[in-house]
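my_file_36.cif follows (mmCIF, C-alpha atoms):
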```cif
data_upload
#
loop_
_atom_site.group_PDB
_atom_site.id
_atom_site.type_symbol
_atom_site.label_atom_id
_atom_site.label_comp_id
_atom_site.auth_asym_id
_atom_site.auth_seq_id
_atom_site.Cartn_x
_atom_site.Cartn_y
_atom_site.Cartn_z
ATOM 1 C CA MET A 429 -101.479 97.488 86.391
ATOM 2 C CA ASP A 430 -100.160 94.215 87.699
ATOM 3 C CA MET A 431 -96.730 94.821 86.223
ATOM 4 C CA PRO A 432 -95.044 96.471 89.260
ATOM 5 C CA LEU A 433 -96.099 93.475 91.371
ATOM 6 C CA THR A 434 -95.249 90.837 88.808
ATOM 7 C CA ILE A 435 -91.711 91.913 88.038
ATOM 8 C CA PRO A 436 -90.303 91.795 91.595
ATOM 9 C CA SER A 437 -92.012 88.461 92.340
ATOM 10 C CA PHE A 438 -90.651 87.021 89.087
ATOM 11 C CA ALA A 439 -87.176 88.298 89.949
ATOM 12 C CA LYS A 440 -87.420 86.715 93.392
ATOM 13 C CA GLU A 441 -88.473 83.411 91.858
ATOM 14 C CA ARG A 442 -85.533 83.550 89.437
ATOM 15 C CA SER A 443 -83.045 84.269 92.221
ATOM 16 C CA GLN A 444 -84.358 81.300 94.230
ATOM 17 C CA GLU A 445 -84.177 79.149 91.143
ATOM 18 C CA SER A 446 -80.588 80.193 90.465
ATOM 19 C CA THR A 447 -79.366 78.551 93.676
ATOM 20 C CA LYS A 448 -81.423 75.386 93.490
ATOM 21 C CA VAL A 449 -79.533 72.090 93.444
ATOM 22 C CA PRO A 450 -81.317 69.646 91.104
ATOM 23 C CA GLY A 451 -82.439 66.592 93.103
ATOM 24 C CA ASN A 452 -80.655 66.782 96.461
ATOM 25 C CA MET A 453 -77.118 67.158 97.824
ATOM 26 C CA ALA A 454 -76.890 63.439 98.665
ATOM 27 C CA VAL A 455 -77.244 62.404 95.024
ATOM 28 C CA TRP A 456 -74.563 64.938 94.024
ATOM 29 C CA VAL A 457 -72.111 63.477 96.546
ATOM 30 C CA LEU A 458 -72.818 60.080 94.967
ATOM 31 C CA ILE A 459 -72.452 61.510 91.428
ATOM 32 C CA PHE A 460 -69.055 63.062 92.214
ATOM 33 C CA ALA A 461 -67.903 59.847 93.922
ATOM 34 C CA GLU A 462 -68.880 57.826 90.835
ATOM 35 C CA LEU A 463 -67.266 60.333 88.462
ATOM 36 C CA SER A 464 -64.053 60.214 90.522
ATOM 37 C CA GLU A 465 -64.046 56.422 90.223
ATOM 38 C CA PHE A 466 -64.475 56.678 86.441
ATOM 39 C CA ALA A 467 -61.766 59.382 86.265
ATOM 40 C CA LEU A 468 -59.342 57.009 88.021
ATOM 41 C CA PHE A 469 -60.108 54.291 85.434
ATOM 42 C CA PHE A 470 -59.656 56.768 82.577
ATOM 43 C CA ILE A 471 -56.267 57.934 83.902
ATOM 44 C CA LEU A 472 -55.049 54.365 84.474
ATOM 45 C CA PHE A 473 -56.200 53.487 80.949
ATOM 46 C CA LEU A 474 -54.183 56.409 79.539
ATOM 47 C CA VAL A 475 -51.077 55.432 81.541
ATOM 48 C CA ALA A 476 -51.334 51.856 80.229
ATOM 49 C CA LYS A 477 -51.843 53.241 76.712
ATOM 50 C CA ALA A 478 -48.706 55.389 77.042
ATOM 51 C CA HIS A 479 -46.685 52.273 77.912
ATOM 52 C CA GLN A 480 -48.256 49.971 75.286
ATOM 53 C CA PRO A 481 -49.142 52.305 72.376
ATOM 54 C CA GLU A 482 -49.232 49.542 69.715
ATOM 55 C CA MET A 483 -51.522 47.274 71.732
ATOM 56 C CA PHE A 484 -53.909 50.185 72.389
ATOM 57 C CA HIS A 485 -53.795 51.124 68.695
ATOM 58 C CA GLU A 486 -54.711 47.611 67.497
ATOM 59 C CA GLY A 487 -57.339 46.903 70.179
ATOM 60 C CA PRO A 488 -60.144 49.325 69.199
ATOM 61 C CA ALA A 489 -60.013 48.148 65.564
ATOM 62 C CA ASN A 490 -61.281 44.700 66.662
ATOM 63 C CA LEU A 491 -64.160 46.010 68.762
ATOM 64 C CA ASN A 492 -67.790 46.150 67.620
ATOM 65 C CA THR A 493 -68.089 49.888 66.884
ATOM 66 C CA THR A 494 -71.722 49.437 65.747
ATOM 67 C CA ALA A 495 -72.666 48.165 69.218
ATOM 68 C CA GLY A 496 -70.774 51.061 70.836
ATOM 69 C CA LEU A 497 -72.473 53.582 68.553
ATOM 70 C CA LEU A 498 -75.968 52.119 69.068
ATOM 71 C CA ASN A 499 -75.489 52.196 72.838
ATOM 72 C CA THR A 500 -74.326 55.815 72.687
ATOM 73 C CA LEU A 501 -77.422 56.828 70.718
ATOM 74 C CA ILE A 502 -79.653 54.836 73.096
ATOM 75 C CA LEU A 503 -78.130 56.319 76.265
ATOM 76 C CA ILE A 504 -78.377 59.885 74.920
ATOM 77 C CA SER A 505 -82.024 59.228 74.034
ATOM 78 C CA SER A 506 -82.673 57.773 77.502
ATOM 79 C CA SER A 507 -81.200 60.934 79.042
ATOM 80 C CA PHE A 508 -83.528 62.984 76.844
ATOM 81 C CA PHE A 509 -86.530 60.840 77.899
ATOM 82 C CA ILE A 510 -85.860 61.337 81.611
ATOM 83 C CA ALA A 511 -85.275 65.092 81.098
ATOM 84 C CA ARG A 512 -88.728 65.207 79.448
ATOM 85 C CA ALA A 513 -90.184 63.184 82.370
ATOM 86 C CA VAL A 514 -88.899 65.812 84.845
ATOM 87 C CA ARG A 515 -90.215 68.587 82.594
ATOM 88 C CA ALA A 516 -93.647 66.903 82.485
ATOM 89 C CA ILE A 517 -93.918 66.561 86.272
ATOM 90 C CA ARG A 518 -92.976 70.242 86.652
ATOM 91 C CA LEU A 519 -96.141 70.911 84.662
ATOM 92 C CA ASN A 520 -98.108 68.479 86.845
ATOM 93 C CA ASN A 521 -98.551 66.165 83.856
ATOM 94 C CA ARG A 522 -98.157 62.789 85.567
ATOM 95 C CA GLN A 523 -99.338 60.722 82.581
ATOM 96 C CA ALA A 524 -96.739 62.276 80.259
ATOM 97 C CA SER A 525 -94.074 61.878 82.934
ATOM 98 C CA LEU A 526 -94.888 58.162 83.289
ATOM 99 C CA LYS A 527 -94.701 57.742 79.501
ATOM 100 C CA TRP A 528 -91.222 59.341 79.350
ATOM 101 C CA LEU A 529 -90.039 57.287 82.361
ATOM 102 C CA GLY A 530 -91.254 54.108 80.628
ATOM 103 C CA LEU A 531 -89.293 55.064 77.502
ATOM 104 C CA CYS A 532 -86.195 55.683 79.629
ATOM 105 C CA LEU A 533 -86.475 52.215 81.204
ATOM 106 C CA LEU A 534 -87.011 50.680 77.769
ATOM 107 C CA ALA A 535 -83.863 52.415 76.499
ATOM 108 C CA GLY A 536 -81.948 51.114 79.551
ATOM 109 C CA ALA A 537 -83.116 47.571 78.751
ATOM 110 C CA ALA A 538 -82.089 48.028 75.094
ATOM 111 C CA TYR A 539 -78.631 49.158 76.249
ATOM 112 C CA CYS A 540 -78.252 45.971 78.347
ATOM 113 C CA ALA A 541 -79.446 43.787 75.429
ATOM 114 C CA ILE A 542 -76.942 45.377 73.007
ATOM 115 C CA LYS A 543 -74.130 45.080 75.555
ATOM 116 C CA THR A 544 -74.950 41.350 75.962
ATOM 117 C CA TRP A 545 -74.921 40.913 72.155
ATOM 118 C CA GLU A 546 -71.593 42.766 72.010
ATOM 119 C CA TYR A 547 -70.032 40.457 74.639
ATOM 120 C CA TYR A 548 -71.278 37.348 72.738
ATOM 121 C CA TRP A 549 -69.966 38.847 69.487
ATOM 122 C CA ASN A 550 -66.578 39.394 71.165
ATOM 123 C CA GLU A 551 -66.481 35.750 72.314
ATOM 124 C CA ALA A 552 -67.175 34.635 68.732
ATOM 125 C CA GLN A 553 -64.231 36.772 67.533
ATOM 126 C CA GLY A 554 -61.983 35.250 70.192
ATOM 127 C CA ILE A 555 -61.917 38.446 72.282
ATOM 128 C CA ASN A 556 -61.916 38.083 76.059
ATOM 129 C CA GLY A 557 -60.649 39.952 79.098
ATOM 130 C CA ARG A 558 -57.523 37.793 79.460
ATOM 131 C CA LEU A 559 -56.254 38.494 75.928
ATOM 132 C CA ASP A 560 -54.203 41.586 76.778
ATOM 133 C CA VAL A 561 -54.219 44.744 78.926
ATOM 134 C CA PHE A 562 -56.365 46.696 76.450
ATOM 135 C CA TYR A 563 -59.166 44.122 76.547
ATOM 136 C CA SER A 564 -58.889 43.811 80.346
ATOM 137 C CA PHE A 565 -59.486 47.570 80.516
ATOM 138 C CA TYR A 566 -62.275 47.320 77.937
ATOM 139 C CA TYR A 567 -64.129 44.680 79.993
ATOM 140 C CA TYR A 568 -63.442 46.397 83.305
ATOM 141 C CA LEU A 569 -64.713 49.764 82.064
ATOM 142 C CA THR A 570 -67.712 48.518 80.072
ATOM 143 C CA PHE A 571 -68.848 45.957 82.667
ATOM 144 C CA ASN A 572 -68.492 48.535 85.444
ATOM 145 C CA HIS A 573 -70.552 50.946 83.355
ATOM 146 C CA LEU A 574 -73.150 48.222 82.694
ATOM 147 C CA LEU A 575 -73.495 47.721 86.470
ATOM 148 C CA HIS A 576 -74.116 51.473 86.825
ATOM 149 C CA VAL A 577 -76.810 51.263 84.143
ATOM 150 C CA LEU A 578 -78.480 48.417 86.085
ATOM 151 C CA ILE A 579 -78.336 50.398 89.351
ATOM 152 C CA GLY A 580 -79.641 53.457 87.480
ATOM 153 C CA MET A 581 -82.524 51.410 86.055
ATOM 154 C CA CYS A 582 -83.496 50.240 89.558
ATOM 155 C CA THR A 583 -83.465 53.902 90.702
ATOM 156 C CA VAL A 584 -85.553 55.042 87.722
ATOM 157 C CA LEU A 585 -87.945 52.103 88.239
ATOM 158 C CA TRP A 586 -88.402 53.149 91.882
ATOM 159 C CA ALA A 587 -89.094 56.752 90.775
ATOM 160 C CA THR A 588 -91.574 55.425 88.177
ATOM 161 C CA VAL A 589 -93.469 53.390 90.797
ATOM 162 C CA ARG A 590 -93.554 56.449 93.085
ATOM 163 C CA ALA A 591 -94.786 58.614 90.190
ATOM 164 C CA TYR A 592 -97.466 56.018 89.433
ATOM 165 C CA PHE A 593 -98.707 56.297 93.031
ATOM 166 C CA ASN A 594 -98.841 60.115 92.785
ATOM 167 C CA ALA A 595 -95.788 60.783 94.945
ATOM 168 C CA TYR A 596 -94.615 63.665 92.730
ATOM 169 C CA ASN A 597 -96.173 66.912 91.608
ATOM 170 C CA ALA A 598 -95.052 70.328 90.367
ATOM 171 C CA ASP A 599 -94.149 71.401 93.931
ATOM 172 C CA ASP A 600 -92.404 68.215 95.029
ATOM 173 C CA TYR A 601 -90.407 66.121 92.584
ATOM 174 C CA GLU A 602 -87.036 65.983 94.334
ATOM 175 C CA GLY A 603 -86.807 62.158 94.214
ATOM 176 C CA LEU A 604 -87.534 62.003 90.505
ATOM 177 C CA GLU A 605 -85.026 64.767 89.765
ATOM 178 C CA ALA A 606 -82.349 63.016 91.865
ATOM 179 C CA ALA A 607 -82.895 59.774 89.904
ATOM 180 C CA ALA A 608 -82.699 61.774 86.652
ATOM 181 C CA CYS A 609 -79.391 63.397 87.672
ATOM 182 C CA TYR A 610 -77.897 59.989 88.500
ATOM 183 C CA TRP A 611 -79.057 58.684 85.109
ATOM 184 C CA HIS A 612 -77.502 61.683 83.302
ATOM 185 C CA MET A 613 -74.205 60.950 85.082
ATOM 186 C CA ILE A 614 -74.267 57.423 83.594
ATOM 187 C CA ASP A 615 -74.799 59.012 80.165
ATOM 188 C CA LEU A 616 -71.904 61.454 80.735
ATOM 189 C CA ALA A 617 -69.556 58.586 81.633
ATOM 190 C CA TRP A 618 -70.497 56.732 78.424
ATOM 191 C CA ILE A 619 -70.037 59.926 76.357
ATOM 192 C CA ILE A 620 -66.358 59.709 77.421
ATOM 193 C CA ILE A 621 -66.024 55.887 77.242
ATOM 194 C CA PHE A 622 -67.235 55.617 73.622
ATOM 195 C CA PRO A 623 -64.415 57.683 72.025
ATOM 196 C CA LEU A 624 -61.871 56.437 74.583
ATOM 197 C CA LEU A 625 -62.390 52.745 73.755
ATOM 198 C CA TYR A 626 -63.828 52.679 70.239
ATOM 199 C CA VAL A 627 -62.765 55.831 68.377
ATOM 200 C CA LEU A 628 -59.334 57.166 69.450
ATOM 201 C CA ARG A 629 -56.461 54.758 68.829
ATOM 202 C CA MET B 1055 -97.710 78.043 78.292
ATOM 203 C CA LYS B 1056 -95.727 79.473 75.407
ATOM 204 C CA ALA B 1057 -92.530 79.257 77.489
ATOM 205 C CA THR B 1058 -93.354 75.642 78.337
ATOM 206 C CA ILE B 1059 -93.743 74.651 74.718
ATOM 207 C CA SER B 1060 -90.503 76.293 73.709
ATOM 208 C CA ASN B 1061 -88.740 74.545 76.603
ATOM 209 C CA SER B 1062 -89.870 71.124 75.392
ATOM 210 C CA LYS B 1063 -88.846 72.132 71.871
ATOM 211 C CA LEU B 1064 -85.457 73.185 73.226
ATOM 212 C CA LEU B 1065 -84.976 69.741 74.831
ATOM 213 C CA ASN B 1066 -85.968 68.128 71.503
ATOM 214 C CA SER B 1067 -83.392 70.141 69.567
ATOM 215 C CA ILE B 1068 -80.681 69.414 72.170
ATOM 216 C CA TRP B 1069 -81.430 65.687 71.760
ATOM 217 C CA PHE B 1070 -81.222 66.024 67.969
ATOM 218 C CA SER B 1071 -77.876 67.875 68.202
ATOM 219 C CA LEU B 1072 -76.470 65.201 70.536
ATOM 220 C CA MET B 1073 -77.464 62.458 68.073
ATOM 221 C CA LEU B 1074 -75.776 64.338 65.204
ATOM 222 C CA LEU B 1075 -72.582 64.891 67.226
ATOM 223 C CA THR B 1076 -72.475 61.156 68.080
ATOM 224 C CA LEU B 1077 -72.883 60.197 64.421
ATOM 225 C CA LEU B 1078 -70.061 62.616 63.552
ATOM 226 C CA SER B 1079 -67.730 60.868 66.032
ATOM 227 C CA ALA B 1080 -68.759 57.466 64.645
ATOM 228 C CA TYR B 1081 -68.087 58.649 61.089
ATOM 229 C CA ILE B 1082 -64.604 59.738 62.164
ATOM 230 C CA ALA B 1083 -64.116 56.344 63.853
ATOM 231 C CA GLU B 1084 -64.554 54.660 60.459
ATOM 232 C CA SER B 1085 -61.201 56.045 59.278
ATOM 233 C CA ASP B 1086 -58.266 53.654 59.633
ATOM 234 C CA SER B 1087 -55.984 56.185 61.254
ATOM 235 C CA ILE B 1088 -57.085 59.498 62.685
ATOM 236 C CA GLY B 1089 -54.764 62.490 62.524
ATOM 237 C CA PRO B 1090 -54.264 64.963 65.393
ATOM 238 C CA SER B 1091 -56.778 67.470 63.974
ATOM 239 C CA LEU B 1092 -59.560 64.852 63.850
ATOM 240 C CA MET B 1093 -58.614 63.706 67.365
ATOM 241 C CA ILE B 1094 -59.106 67.282 68.558
ATOM 242 C CA VAL B 1095 -62.501 67.355 66.787
ATOM 243 C CA VAL B 1096 -63.511 64.142 68.619
ATOM 244 C CA GLY B 1097 -62.345 65.616 71.952
ATOM 245 C CA LEU B 1098 -64.238 68.859 71.388
ATOM 246 C CA THR B 1099 -67.336 66.848 70.409
ATOM 247 C CA VAL B 1100 -67.193 65.034 73.780
ATOM 248 C CA SER B 1101 -66.885 68.343 75.677
ATOM 249 C CA LEU B 1102 -69.745 69.883 73.678
ATOM 250 C CA LYS B 1103 -71.983 66.858 74.282
ATOM 251 C CA GLY B 1104 -71.142 67.054 77.978
ATOM 252 C CA TYR B 1105 -71.956 70.766 78.034
ATOM 253 C CA LEU B 1106 -75.373 70.153 76.439
ATOM 254 C CA VAL B 1107 -76.262 67.293 78.825
ATOM 255 C CA ILE B 1108 -75.086 69.255 81.894
ATOM 256 C CA ASP B 1109 -76.785 72.549 81.071
ATOM 257 C CA TYR B 1110 -80.015 71.375 79.477
ATOM 258 C CA PHE B 1111 -80.773 67.766 80.499
ATOM 259 C CA MET B 1112 -79.421 68.044 84.062
ATOM 260 C CA ASP B 1113 -80.614 71.663 84.083
ATOM 261 C CA LEU B 1114 -77.549 72.902 85.959
ATOM 262 C CA ARG B 1115 -77.935 76.352 84.359
ATOM 263 C CA HIS B 1116 -80.068 77.253 87.369
ATOM 264 C CA ALA B 1117 -77.979 75.434 89.972
ATOM 265 C CA PRO B 1118 -75.178 76.864 92.158
ATOM 266 C CA GLN B 1119 -72.399 77.761 89.732
ATOM 267 C CA ILE B 1120 -69.748 75.820 91.667
ATOM 268 C CA LEU B 1121 -71.628 72.571 90.960
ATOM 269 C CA ARG B 1122 -72.021 73.433 87.277
ATOM 270 C CA ARG B 1123 -68.394 74.523 86.857
ATOM 271 C CA LEU B 1124 -67.053 71.408 88.636
ATOM 272 C CA ILE B 1125 -68.881 68.955 86.403
ATOM 273 C CA GLN B 1126 -68.197 71.033 83.284
ATOM 274 C CA SER B 1127 -64.462 71.018 84.082
ATOM 275 C CA TYR B 1128 -64.589 67.229 84.342
ATOM 276 C CA LEU B 1129 -66.067 67.036 80.841
ATOM 277 C CA MET B 1130 -63.320 69.346 79.559
ATOM 278 C CA ILE B 1131 -60.224 68.062 81.386
ATOM 279 C CA ILE B 1132 -60.747 64.304 80.811
ATOM 280 C CA PRO B 1133 -61.385 64.560 77.002
ATOM 281 C CA MET B 1134 -58.428 66.968 76.739
ATOM 282 C CA LEU B 1135 -56.168 64.433 78.508
ATOM 283 C CA ILE B 1136 -57.451 61.624 76.271
ATOM 284 C CA VAL B 1137 -56.720 63.656 73.112
ATOM 285 C CA LEU B 1138 -53.277 64.708 74.389
ATOM 286 C CA VAL B 1139 -52.286 61.082 75.066
ATOM 287 C CA SER B 1140 -53.758 59.956 71.719
ATOM 288 C CA ILE B 1141 -51.671 62.549 69.853
ATOM 289 C CA SER B 1142 -48.483 61.871 71.794
ATOM 290 C CA SER B 1143 -48.121 59.612 74.816
ATOM 291 C CA ASP B 1144 -44.347 59.979 75.302
ATOM 292 C CA TRP B 1145 -44.680 62.608 78.032
ATOM 293 C CA LEU B 1146 -47.012 60.404 80.079
ATOM 294 C CA ARG B 1147 -44.735 57.378 79.635
ATOM 295 C CA VAL B 1148 -41.767 59.408 80.934
ATOM 296 C CA LEU B 1149 -43.858 60.775 83.813
ATOM 297 C CA THR B 1150 -45.038 57.318 84.901
ATOM 298 C CA GLN B 1151 -41.759 55.409 84.382
ATOM 299 C CA LEU B 1152 -40.975 53.262 87.405
#
```
Just give me the structure as structure tokens.
Amino acid sequence: MDMPLTIPSFAKERSQESTKVPGNMAVWVLIFAELSEFALFFILFLVAKAHQPEMFHEGPANLNTTAGLLNTLILISSSFFIARAVRAIRLNNRQASLKWLGLCLLAGAAYCAIKTWEYYWNEAQGINGRLDVFYSFYYYLTFNHLLHVLIGMCTVLWATVRAYFNAYNADDYEGLEAAACYWHMIDLAWIIIFPLLYVLR
Amino acid sequence: MKATISNSKLLNSIWFSLMLLTLLSAYIAESDSIGPSLMIVVGLTVSLKGYLVIDYFMDLRHAPQILRRLIQSYLMIIPMLIVLVSISSDWLRVLTQL
């Protein structure tokens, strides 16, 4: 007997959901600004590659692909962890959300540790940013991305502290979702950087 | 509750697919020289990974379509450009000659 009432209310809920911006508009302005910055780097990289094809063919062969691969797997996992954290808070499960946020921060820290190891490894191989244009681009892109990871970690840490003090629930989790969207953007940028620098020659 | 469980399961399988796609790209990277067909595979892998992150992790399936389409285009156009230049960069060199 409830069916006639349930279906229209469900439909209304769906139509509201279909226009909802995850997080808030401010974070999306920031996300598109950051993606535009990365796009500019990618295009400049490709222009340099077009003018120095041999240098850009040799360069990736000397990089630590294992470090690049590990960081890709870690960042994808961190994106998954924060997606699960948002999912948990939607169900009012604060404890689970905190657990997933903790895992995301741990993954962020692991990314930074591997990137540090990679830079030390490069030094040992005689690779540095002044070697040639390819390595200048490599350091500029990866260090810039590392800075974004650090900023993202601060944002996620802030959301974690707020979640710990009960700031979010199933009806209000805009801040957490905004932090998650920013973190996913960092993952998306790396999804492009990994093949650009390490795979395609 | 059933829908909730399947949603978490969906996120788990998306994560698993993303890991597999990354390992595929890394396996391709092991080759000394990659031909154009493998370059296209790598490019498509990037776009597919982007699609999965955008639609399921960011949950843009339920967002205004303009937002979803904009970010999806980014994850299609940039990998396409990268693959094009990797296959042949002559056109870009001519275009950007000073």
- Identify all chain A residues at most 9 Å from chain B by counting all atoms listed in the file; ligands do not count. Present them as number ranges by chain. A: 442, 445-450, 456, 460, 463, 467, 470-471, 474-479, 481, 489, 493-494, 497, 500-501, 504-505, 507-508, 510-512, 515, 519, 605, 608-609, 612-613, 615-616, 619-620, 623-624, 626-629
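Across the structure, atom CA of Phe622 of chain A and atom CA of Leu491 of chain A are spaced 11.2 Å apart.
The space separating atom CA of Ala535 of chain A from atom CA of Ile1131 of chain B comes to 28.8 Å.
We find atom CA of Ile542 of chain A and atom CA of Asn492 of chain A to be spaced 10.6 Å apart.
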Assuming the chain letters and numbering stay as they are in my file, what does the PyMOL selection byres ((chain A and resi 522) around 12) actually select? List them as a PDB file with C-alpha atoms, in the frame of the given file.
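Listed below is the output, out_25.pdb:
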```pdb
ATOM      1  CA  ARG A 512     -88.728  65.207  79.448  1.00  0.00           C
ATOM      2  CA  ALA A 513     -90.184  63.184  82.370  1.00  0.00           C
ATOM      3  CA  VAL A 514     -88.899  65.812  84.845  1.00  0.00           C
ATOM      4  CA  ARG A 515     -90.215  68.587  82.594  1.00  0.00           C
ATOM      5  CA  ALA A 516     -93.647  66.903  82.485  1.00  0.00           C
ATOM      6  CA  ILE A 517     -93.918  66.561  86.272  1.00  0.00           C
ATOM      7  CA  ARG A 518     -92.976  70.242  86.652  1.00  0.00           C
ATOM      8  CA  LEU A 519     -96.141  70.911  84.662  1.00  0.00           C
ATOM      9  CA  ASN A 520     -98.108  68.479  86.845  1.00  0.00           C
ATOM     10  CA  ASN A 521     -98.551  66.165  83.856  1.00  0.00           C
ATOM     11  CA  GLN A 523     -99.338  60.722  82.581  1.00  0.00           C
ATOM     12  CA  ALA A 524     -96.739  62.276  80.259  1.00  0.00           C
ATOM     13  CA  SER A 525     -94.074  61.878  82.934  1.00  0.00           C
ATOM     14  CA  LEU A 526     -94.888  58.162  83.289  1.00  0.00           C
ATOM     15  CA  LYS A 527     -94.701  57.742  79.501  1.00  0.00           C
ATOM     16  CA  TRP A 528     -91.222  59.341  79.350  1.00  0.00           C
ATOM     17  CA  LEU A 529     -90.039  57.287  82.361  1.00  0.00           C
ATOM     18  CA  THR A 588     -91.574  55.425  88.177  1.00  0.00           C
ATOM     19  CA  VAL A 589     -93.469  53.390  90.797  1.00  0.00           C
ATOM     20  CA  ARG A 590     -93.554  56.449  93.085  1.00  0.00           C
ATOM     21  CA  ALA A 591     -94.786  58.614  90.190  1.00  0.00           C
ATOM     22  CA  TYR A 592     -97.466  56.018  89.433  1.00  0.00           C
ATOM     23  CA  PHE A 593     -98.707  56.297  93.031  1.00  0.00           C
ATOM     24  CA  ASN A 594     -98.841  60.115  92.785  1.00  0.00           C
ATOM     25  CA  ALA A 595     -95.788  60.783  94.945  1.00  0.00           C
ATOM     26  CA  TYR A 596     -94.615  63.665  92.730  1.00  0.00           C
ATOM     27  CA  ASN A 597     -96.173  66.912  91.608  1.00  0.00           C
ATOM     28  CA  ALA A 598     -95.052  70.328  90.367  1.00  0.00           C
ATOM     29  CA  TYR A 601     -90.407  66.121  92.584  1.00  0.00           C
ATOM     30  CA  LEU A 604     -87.534  62.003  90.505  1.00  0.00           C
TER      31      LEU A 604
END
```
Take every atom of segment 562-577 of chain A listed in the file, fit an axis-aligned box around them, add 5 Å per side, and give the centre and edge lengths in Å to one decimal as AutoDock Vina command-line options.
```
--center_x -66.6 --center_y 47.6 --center_z 81.6 --size_x 30.4 --size_y 17.7 --size_z 20.4
```
- Message: Expand the PyMOL selection byres ((chain A and resi 538) around 12) into the explicit residue set it covers here, and present it as a ChimeraX atom specification.
- Response: /A:495,498-503,505-506,531-537,539-545,574,577-578,581
- List the residues selected by the PyMOL selection byres ((chain A and resi 562) around 7) in the file shown, writing them as a list in words. Met483, Phe484, Gly487, Asp560, Val561, Tyr563, Ser564, Phe565 and Tyr566 of chain A
